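The file model-v5.txt contains compact mmCIF, C-alpha atoms:
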```txt
# COMPACT_ATOMS: atom_id res chain seq x y z
CA MET A 1 -55.39 47.91 51.98
CA ASN A 2 -52.77 48.28 49.34
CA ILE A 3 -53.81 47.46 45.78
CA LEU A 4 -50.61 45.54 45.20
CA ASP A 5 -51.39 43.22 48.07
CA SER A 6 -54.81 42.39 46.63
CA LEU A 7 -53.45 41.26 43.24
CA PRO A 8 -53.15 37.49 42.70
CA ASP A 9 -49.70 35.98 42.89
CA GLU A 10 -48.15 35.40 39.45
CA PRO A 11 -46.95 31.86 38.80
CA GLU A 12 -43.25 31.37 38.84
CA GLU A 13 -41.65 30.92 35.45
CA THR A 14 -40.40 27.40 34.90
CA PRO A 15 -37.77 26.61 32.24
CA SER A 16 -39.43 25.26 29.13
CA PRO A 17 -38.31 21.76 28.21
CA VAL A 18 -38.74 22.59 24.52
CA SER A 19 -35.99 25.16 24.28
CA PRO A 20 -32.77 23.54 25.52
CA THR A 21 -29.83 25.55 26.69
CA PRO A 22 -26.65 25.70 24.61
CA ASN A 23 -25.02 23.12 26.89
CA ASN A 24 -27.91 20.73 26.32
CA GLN A 25 -27.59 21.23 22.58
CA LEU A 26 -23.91 20.30 22.74
CA ASP A 27 -24.73 17.19 24.77
CA GLN A 28 -27.36 16.15 22.22
CA GLN A 29 -24.90 16.62 19.36
CA LYS A 30 -22.35 14.46 21.18
CA GLN A 31 -24.96 11.78 21.73
CA LEU A 32 -25.81 11.86 18.02
CA LYS A 33 -22.17 11.51 17.02
CA ARG A 34 -21.39 8.74 19.48
CA PRO A 35 -23.14 5.90 17.57
CA GLN A 36 -21.26 6.84 14.38
CA LEU A 37 -17.94 6.51 16.19
CA GLN A 38 -19.05 3.23 17.73
CA VAL A 39 -19.86 1.87 14.27
CA ASP A 40 -16.68 3.10 12.57
CA ALA A 41 -14.28 1.61 15.11
CA PRO A 42 -15.31 -2.07 14.70
CA LEU A 43 -15.63 -1.64 10.93
CA ARG A 44 -12.12 -0.21 10.72
CA MET A 45 -10.76 -3.05 12.82
CA VAL A 46 -12.55 -5.76 10.84
CA GLU A 47 -11.56 -4.39 7.43
CA THR A 48 -7.96 -3.87 8.51
CA ALA A 49 -7.70 -7.43 9.82
CA PHE A 50 -9.44 -8.86 6.75
CA LEU A 51 -7.23 -7.05 4.23
CA ALA A 52 -4.07 -7.81 6.23
CA SER A 53 -4.96 -11.52 6.20
CA THR A 54 -5.73 -11.23 2.47
CA ALA A 55 -2.25 -9.86 1.77
CA SER A 56 -0.72 -12.65 3.88
CA LEU A 57 -2.80 -15.30 2.13
CA ILE A 58 -1.77 -14.07 -1.33
CA TRP A 59 1.91 -14.31 -0.31
CA PHE A 60 1.33 -17.72 1.30
CA ILE A 61 -0.38 -19.20 -1.77
CA ASN A 62 2.17 -17.74 -4.17
CA PHE A 63 5.05 -19.17 -2.13
CA TYR A 64 3.78 -22.76 -2.08
CA PHE A 65 1.73 -22.74 -5.30
CA PRO A 66 3.37 -20.16 -7.56
CA LEU A 67 1.14 -18.98 -10.38
CA GLY A 68 3.73 -16.85 -12.12
CA PRO A 69 3.38 -13.08 -11.89
CA VAL A 70 -0.41 -13.17 -11.41
CA LEU A 71 -0.54 -13.12 -7.61
CA ARG A 72 2.70 -11.19 -7.26
CA ILE A 73 0.98 -8.13 -8.75
CA PHE A 74 -1.42 -7.97 -5.78
CA PHE A 75 1.13 -8.24 -2.94
CA PRO A 76 0.95 -4.55 -1.91
CA VAL A 77 -2.62 -3.79 -3.05
CA PRO A 78 -4.62 -4.89 0.07
CA ILE A 79 -2.52 -2.76 2.43
CA ALA A 80 -2.74 0.19 0.04
CA LEU A 81 -6.52 -0.25 0.05
CA VAL A 82 -6.50 -0.07 3.86
CA TYR A 83 -4.70 3.28 3.59
CA LEU A 84 -7.24 4.60 1.10
CA ARG A 85 -10.18 3.57 3.29
CA TRP A 86 -8.97 4.18 6.83
CA GLY A 87 -5.77 6.20 6.74
CA LYS A 88 -2.14 5.89 7.76
CA ARG A 89 -2.52 4.30 11.19
CA ALA A 90 -4.73 1.48 9.90
CA ALA A 91 -2.30 0.81 7.01
CA TRP A 92 0.65 0.46 9.39
CA MET A 93 -1.42 -1.84 11.58
CA ALA A 94 -2.26 -3.95 8.52
CA ALA A 95 1.43 -4.18 7.56
CA VAL A 96 2.42 -5.25 11.07
CA THR A 97 -0.48 -7.71 11.34
CA SER A 98 0.33 -9.36 8.02
CA GLY A 99 3.98 -9.70 9.06
CA LEU A 100 3.04 -11.30 12.38
CA LEU A 101 0.58 -13.65 10.72
CA LEU A 102 3.19 -14.82 8.22
CA ALA A 103 5.72 -15.20 11.02
CA VAL A 104 3.33 -17.67 12.67
CA LEU A 105 2.48 -19.52 9.45
CA MET A 106 5.84 -19.54 7.65
CA GLY A 107 8.50 -18.38 10.09
CA PRO A 108 10.16 -15.01 10.70
CA VAL A 109 12.50 -15.15 7.69
CA ARG A 110 9.76 -15.49 5.08
CA SER A 111 7.72 -12.95 7.00
CA MET A 112 10.56 -10.43 6.73
CA LEU A 113 10.82 -11.10 3.00
CA PHE A 114 7.19 -10.04 2.66
CA VAL A 115 7.34 -7.03 4.95
CA MET A 116 10.39 -5.72 3.10
CA PRO A 117 9.46 -4.54 0.55
CA PHE A 118 5.83 -5.51 -0.18
CA ALA A 119 4.09 -4.51 3.09
CA LEU A 120 6.02 -1.26 3.21
CA MET A 121 5.30 -0.76 -0.47
CA GLY A 122 1.59 -1.08 0.26
CA VAL A 123 1.82 1.72 2.83
CA LEU A 124 3.87 3.84 0.42
CA LEU A 125 1.49 3.35 -2.49
CA GLY A 126 -1.51 4.02 -0.27
CA ALA A 127 0.04 7.30 0.89
CA THR A 128 0.84 8.46 -2.64
CA TRP A 129 -2.56 7.44 -3.99
CA HIS A 130 -4.31 9.12 -1.07
CA ARG A 131 -2.46 12.37 -1.82
CA ARG A 132 -3.34 12.02 -5.52
CA VAL A 133 0.24 12.33 -6.74
CA PRO A 134 1.00 11.52 -10.40
CA TRP A 135 1.91 8.01 -11.44
CA ILE A 136 5.48 8.97 -12.27
CA VAL A 137 6.11 9.94 -8.64
CA SER A 138 4.49 6.89 -7.04
CA ILE A 139 6.10 4.50 -9.52
CA THR A 140 9.53 6.04 -8.95
CA LEU A 141 9.24 5.86 -5.17
CA GLY A 142 7.96 2.30 -5.36
CA MET A 143 10.79 1.36 -7.71
CA LEU A 144 13.40 2.67 -5.25
CA LEU A 145 11.79 0.78 -2.37
CA GLY A 146 11.53 -2.39 -4.46
CA THR A 147 15.20 -2.12 -5.45
CA LEU A 148 16.19 -1.77 -1.79
CA GLY A 149 14.00 -4.78 -1.06
CA VAL A 150 15.88 -6.91 -3.59
CA PHE A 151 19.24 -6.03 -2.04
CA PHE A 152 17.80 -6.65 1.44
CA ARG A 153 16.64 -10.08 0.31
CA LEU A 154 20.04 -10.89 -1.19
CA TRP A 155 21.79 -9.77 2.00
CA LEU A 156 19.47 -11.72 4.31
CA LEU A 157 19.61 -14.92 2.28
CA SER A 158 23.38 -14.60 1.93
CA VAL A 159 23.75 -14.33 5.71
CA LEU A 160 21.51 -17.34 6.29
CA SER A 161 23.03 -19.53 3.58
CA GLY A 162 26.63 -18.52 4.14
CA GLU A 163 27.13 -17.76 0.43
CA ASP A 164 27.36 -14.49 -1.44
CA LEU A 165 24.27 -14.56 -3.66
CA TRP A 166 25.28 -11.29 -5.30
CA VAL A 167 27.90 -13.33 -7.20
CA TYR A 168 25.14 -15.31 -8.92
CA VAL A 169 23.45 -12.08 -9.98
CA ILE A 170 26.74 -10.74 -11.33
CA ASN A 171 27.32 -13.93 -13.31
CA GLN A 172 23.89 -13.71 -14.91
CA VAL A 173 24.32 -10.04 -15.77
CA THR A 174 27.78 -10.79 -17.19
CA GLU A 175 26.31 -13.37 -19.56
CA ILE A 176 23.62 -10.91 -20.66
CA ILE A 177 26.14 -8.12 -21.31
CA GLU A 178 28.48 -10.45 -23.19
CA TRP A 179 25.57 -11.60 -25.36
CA ILE A 180 24.69 -7.96 -26.11
CA PHE A 181 28.32 -7.19 -26.97
CA LEU A 182 28.39 -10.22 -29.24
CA LYS A 183 25.25 -9.14 -31.10
CA LEU A 184 26.58 -5.61 -31.47
CA GLU A 185 29.97 -6.99 -32.60
CA ILE A 186 31.81 -5.12 -29.87
CA LEU A 187 35.21 -6.74 -29.34
CA ALA A 188 35.67 -5.78 -25.69
CA THR A 189 35.34 -7.30 -22.26
CA PRO A 190 33.06 -5.45 -19.88
CA SER A 191 34.70 -4.25 -16.69
CA VAL A 192 33.59 -5.33 -13.22
CA PHE A 193 32.29 -1.84 -12.44
CA PHE A 194 30.27 -1.80 -15.65
CA ILE A 195 28.77 -5.19 -14.82
CA GLN A 196 27.78 -4.11 -11.30
CA VAL A 197 26.17 -0.93 -12.59
CA GLY A 198 24.35 -3.01 -15.17
CA ALA A 199 23.11 -5.36 -12.42
CA VAL A 200 21.73 -2.45 -10.39
CA LEU A 201 20.05 -0.95 -13.46
CA LEU A 202 18.57 -4.33 -14.36
CA VAL A 203 17.08 -4.72 -10.87
CA ALA A 204 15.71 -1.16 -10.98
CA PHE A 205 14.20 -1.69 -14.46
CA ASN A 206 12.56 -4.92 -13.31
CA ASN A 207 10.96 -3.09 -10.37
CA LEU A 208 9.91 -0.25 -12.67
CA ILE A 209 7.96 -2.66 -14.87
CA TYR A 210 6.51 -4.34 -11.78
CA LEU A 211 5.29 -1.06 -10.27
CA PHE A 212 3.71 -0.01 -13.56
CA VAL A 213 1.76 -3.26 -13.73
CA VAL A 214 0.72 -2.88 -10.07
CA HIS A 215 -0.58 0.63 -10.80
CA LEU A 216 -2.42 -0.61 -13.86
CA SER A 217 -4.08 -3.45 -11.95
CA ALA A 218 -4.98 -1.21 -8.99
CA TRP A 219 -6.43 1.40 -11.34
CA LEU A 220 -8.78 -1.13 -12.93
CA LEU A 221 -9.63 -2.93 -9.67
CA LEU A 222 -9.99 -0.17 -7.09
CA ASP A 223 -12.20 1.91 -9.37
CA ARG A 224 -14.78 -0.84 -9.14
CA LEU A 225 -14.42 -1.06 -5.36
CA GLY A 226 -15.20 2.63 -4.92
CA ASN A 227 -11.66 3.68 -3.94
CA PRO A 228 -10.15 5.09 -7.14
CA ILE A 229 -6.47 5.94 -7.44
CA PRO A 230 -5.11 8.91 -9.43
CA ARG A 231 -5.73 8.82 -13.17
CA PRO A 232 -2.90 7.45 -15.33
CA PRO A 233 -1.26 9.43 -18.11
CA ARG A 234 -3.40 10.05 -21.15
CA TRP A 235 -1.47 7.62 -23.33
CA VAL A 236 -2.22 4.79 -20.89
CA GLN A 237 -5.95 5.56 -21.02
CA VAL A 238 -5.84 5.62 -24.81
CA LEU A 239 -3.85 2.38 -24.87
CA MET A 240 -6.30 0.65 -22.53
CA ASP A 241 -9.30 2.28 -24.27
CA TYR A 242 -10.58 3.29 -20.83
CA GLU A 243 -12.30 6.50 -19.88
CA GLY A 244 -12.81 7.31 -16.22
```

Output the file's structure in the form of structure tokens.
Amino acid sequence: MNILDSLPDEPEETPSPVSPTPNNQLDQQKQLKRPQLQVDAPLRMVETAFLASTASLIWFINFYFPLGPVLRIFFPVPIALVYLRWGKRAAWMAAVTSGLLLAVLMGPVRSMLFVMPFALMGVLLGATWHRRVPWIVSITLGMLLGTLGVFFRLWLLSVLSGEDLWVYVINQVTEIIEWIFLKLEILATPSVFFIQVGAVLLVAFNNLIYLFVVHLSAWLLLDRLGNPIPRPPRWVQVLMDYEG
């Protein structure tokens, strides 16, 4: 009899359940990541809808119960906050949602007056703050968009009313320039081209001041919400006596 035949049969090796294969490890990692994705998606949707409705509500209240420039400062801030928290796609969805909500509540015309420029400004400011660009860049870009928004509003309201509202702006700027000439004792009549350039510069300067105040308010507010924007110039921090 052969010795090999008399030896007991060795038990067959079974795969150990403790040491998973690489494929099993990948499946376990996917299962661990899946709940995180399932939590983020509803949270993103809820926050986007909430902040879009907040922006619409601020515009709605300011239109029927104007409180001066207080609420106007916060027109673009909720949509910019959506960009800082959830990115570009969520910010665009918030802008579209706020426009649709205002179209239902106030009509398409007033909705368009909010979307252009304030909803788009919120997306623009969110993008610049997310990329940590200096204030001078974000304020300049916002000023250009705000200036275009003023001319869009004048054009839209002129079409709807059948009157050229730019004429009223020119008349007001003419009175301001004539008053300045009178104080400076300049015996001259400003030309039409000079008045129109002055009107454009006045609109741009108004939007420049507005964007600076929006940045200042967002800097103080969003820091406390855990979504800080880029630091202002040093002279602003010294002026506000704020270190952060």

key: Counting only C-alpha atoms, the option among A:Leu187, A:Ala103, A:Val70, A:Ala55 closest to Val214 of chain A   = A:Val70

Taking (-12.5, 8.6, -8.4) in the file's coordinates, which residues come within 12 Å, counting only C-alpha atoms, written as an mmCIF file with C-alpha atoms, in the coordinates of the input?
```
data_model
loop_
_atom_site.group_PDB
_atom_site.id
_atom_site.type_symbol
_atom_site.label_atom_id
_atom_site.label_comp_id
_atom_site.auth_asym_id
_atom_site.auth_seq_id
_atom_site.Cartn_x
_atom_site.Cartn_y
_atom_site.Cartn_z
ATOM 1 C CA LEU A 84 -7.240 4.600 1.100
ATOM 2 C CA TRP A 129 -2.560 7.440 -3.990
ATOM 3 C CA HIS A 130 -4.310 9.120 -1.070
ATOM 4 C CA ARG A 132 -3.340 12.020 -5.520
ATOM 5 C CA TRP A 219 -6.430 1.400 -11.340
ATOM 6 C CA LEU A 220 -8.780 -1.130 -12.930
ATOM 7 C CA LEU A 221 -9.630 -2.930 -9.670
ATOM 8 C CA LEU A 222 -9.990 -0.170 -7.090
ATOM 9 C CA ASP A 223 -12.200 1.910 -9.370
ATOM 10 C CA ARG A 224 -14.780 -0.840 -9.140
ATOM 11 C CA LEU A 225 -14.420 -1.060 -5.360
ATOM 12 C CA GLY A 226 -15.200 2.630 -4.920
ATOM 13 C CA ASN A 227 -11.660 3.680 -3.940
ATOM 14 C CA PRO A 228 -10.150 5.090 -7.140
ATOM 15 C CA ILE A 229 -6.470 5.940 -7.440
ATOM 16 C CA PRO A 230 -5.110 8.910 -9.430
ATOM 17 C CA ARG A 231 -5.730 8.820 -13.170
ATOM 18 C CA PRO A 232 -2.900 7.450 -15.330
ATOM 19 C CA GLU A 243 -12.300 6.500 -19.880
ATOM 20 C CA GLY A 244 -12.810 7.310 -16.220
#
```

ask   = Which is closer to Met45 of chain A than all the others in A:Phe118, A:Trp86, A:Phe75, A:Tyr168, using only C-alpha atoms?
value =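 For Met45 of chain A, the nearest of the given residues is A:Trp86.
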
Val123 of chain A environment, 6 Å, all atoms listed in the file, sequence neighbours closer than 2 positions dropped, as an MDAnalysis selection string = chainID A and resid 80 91 120:121 125:126

request  = Figure out the distance between atom CA of Leu239 of chain A and atom CA of Leu211 of chain A, please, to one decimal in Å.
outcome  =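 It comes out at 17.6 Å.
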
ask   = Expressed in Å to a single decimal, how great is the separation between atom CA of Ser158 of chain A and atom CA of Phe63 of chain A?
value =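 According to the coordinates, atom CA of Ser158 of chain A and atom CA of Phe63 of chain A are separated by 19.3 Å.
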
Closest pair table for segment 97-178 of chain A residues within 9 Å of segment 197-201 of chain A, only C-alpha atoms, as a Markdown table:
```
| residue | atom | partner | partner_atom | distance |
| --- | --- | --- | --- | --- |
| A:Thr147 | CA | A:Val200 | CA | 8.2 |
| A:Val169 | CA | A:Ala199 | CA | 7.2 |
| A:Ile170 | CA | A:Ala199 | CA | 6.6 |
| A:Gln172 | CA | A:Ala199 | CA | 8.7 |
| A:Val173 | CA | A:Ala199 | CA | 5.9 |
| A:Thr174 | CA | A:Ala199 | CA | 8.6 |
| A:Ile177 | CA | A:Gly198 | CA | 8.2 |
```

query = Mind pulling up the distance from atom CA of Phe74 of chain A to atom CA of Val133 of chain A?
reply =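 Result for atom CA of Val133 of chain A versus atom CA of Phe74 of chain A: 20.4 Å, one decimal.
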
ask   = Of the candidates A:Ile139, A:Leu144, A:Ile58, A:Leu67, which shows the shortest atom-to-atom distance to Leu216 of chain A, using only C-alpha atoms?
value =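 Closest to Leu216 of chain A of all the choices is A:Ile139.
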
request  = Write out as a list in words the residues lying within 10 Å of Pro117 of chain A, counting all atoms listed in the file and excluding same-chain residues fewer than 6 positions away.
outcome  = Phe75, Pro76, Gly142, Leu145, Gly146, Thr147, Leu148, Gly149, Val150, Phe152 and Arg153 of chain A

Let's have the selection written as a PDB file, in the frame of the given file, with C-alpha atoms.
```pdb
ATOM      1  CA  PHE A  75       1.130  -8.240  -2.940  1.00  0.00           C
ATOM      2  CA  PRO A  76       0.950  -4.550  -1.910  1.00  0.00           C
ATOM      3  CA  GLY A 142       7.960   2.300  -5.360  1.00  0.00           C
ATOM      4  CA  LEU A 145      11.790   0.780  -2.370  1.00  0.00           C
ATOM      5  CA  GLY A 146      11.530  -2.390  -4.460  1.00  0.00           C
ATOM      6  CA  THR A 147      15.200  -2.120  -5.450  1.00  0.00           C
ATOM      7  CA  LEU A 148      16.190  -1.770  -1.790  1.00  0.00           C
ATOM      8  CA  GLY A 149      14.000  -4.780  -1.060  1.00  0.00           C
ATOM      9  CA  VAL A 150      15.880  -6.910  -3.590  1.00  0.00           C
ATOM     10  CA  PHE A 152      17.800  -6.650   1.440  1.00  0.00           C
ATOM     11  CA  ARG A 153      16.640 -10.080   0.310  1.00  0.00           C
TER      12      ARG A 153
END
```

inquiry  = Taking (-4.1, -4.5, 6.9) as a centre in this file's frame and 7 Å as the limit, can you find every polymer residue with an atom that close, using all atoms listed in the file, and give them as an MDAnalysis selection string?
reply    = chainID A and resid 48:52 78:79 82 90:91 93:95 97:98

task = Can you work out which one of A:Tyr64, A:Arg72, A:Ala41, A:Glu163 has the shortest atom-to-atom distance to Ser217 of chain A, counting all atoms listed in the file?
result =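 Using all atoms listed in the file, Ser217 of chain A sits closest to A:Arg72.
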
task = Counting all atoms listed in the file, figure out which residue out of A:Trp166, A:Phe114, A:Trp92, A:Phe151 gets nearest to Leu57 of chain A.
result =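 With all atoms listed in the file as the atom set, the closest residue is A:Phe114.
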
key: Given all atoms listed in the file as the counted atoms, nearest of A:Pro66, A:Val77, A:Val192, A:Glu47 to Ala218 of chain A   =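 The shortest atom-to-atom distance to Ala218 of chain A comes from A:Val77.
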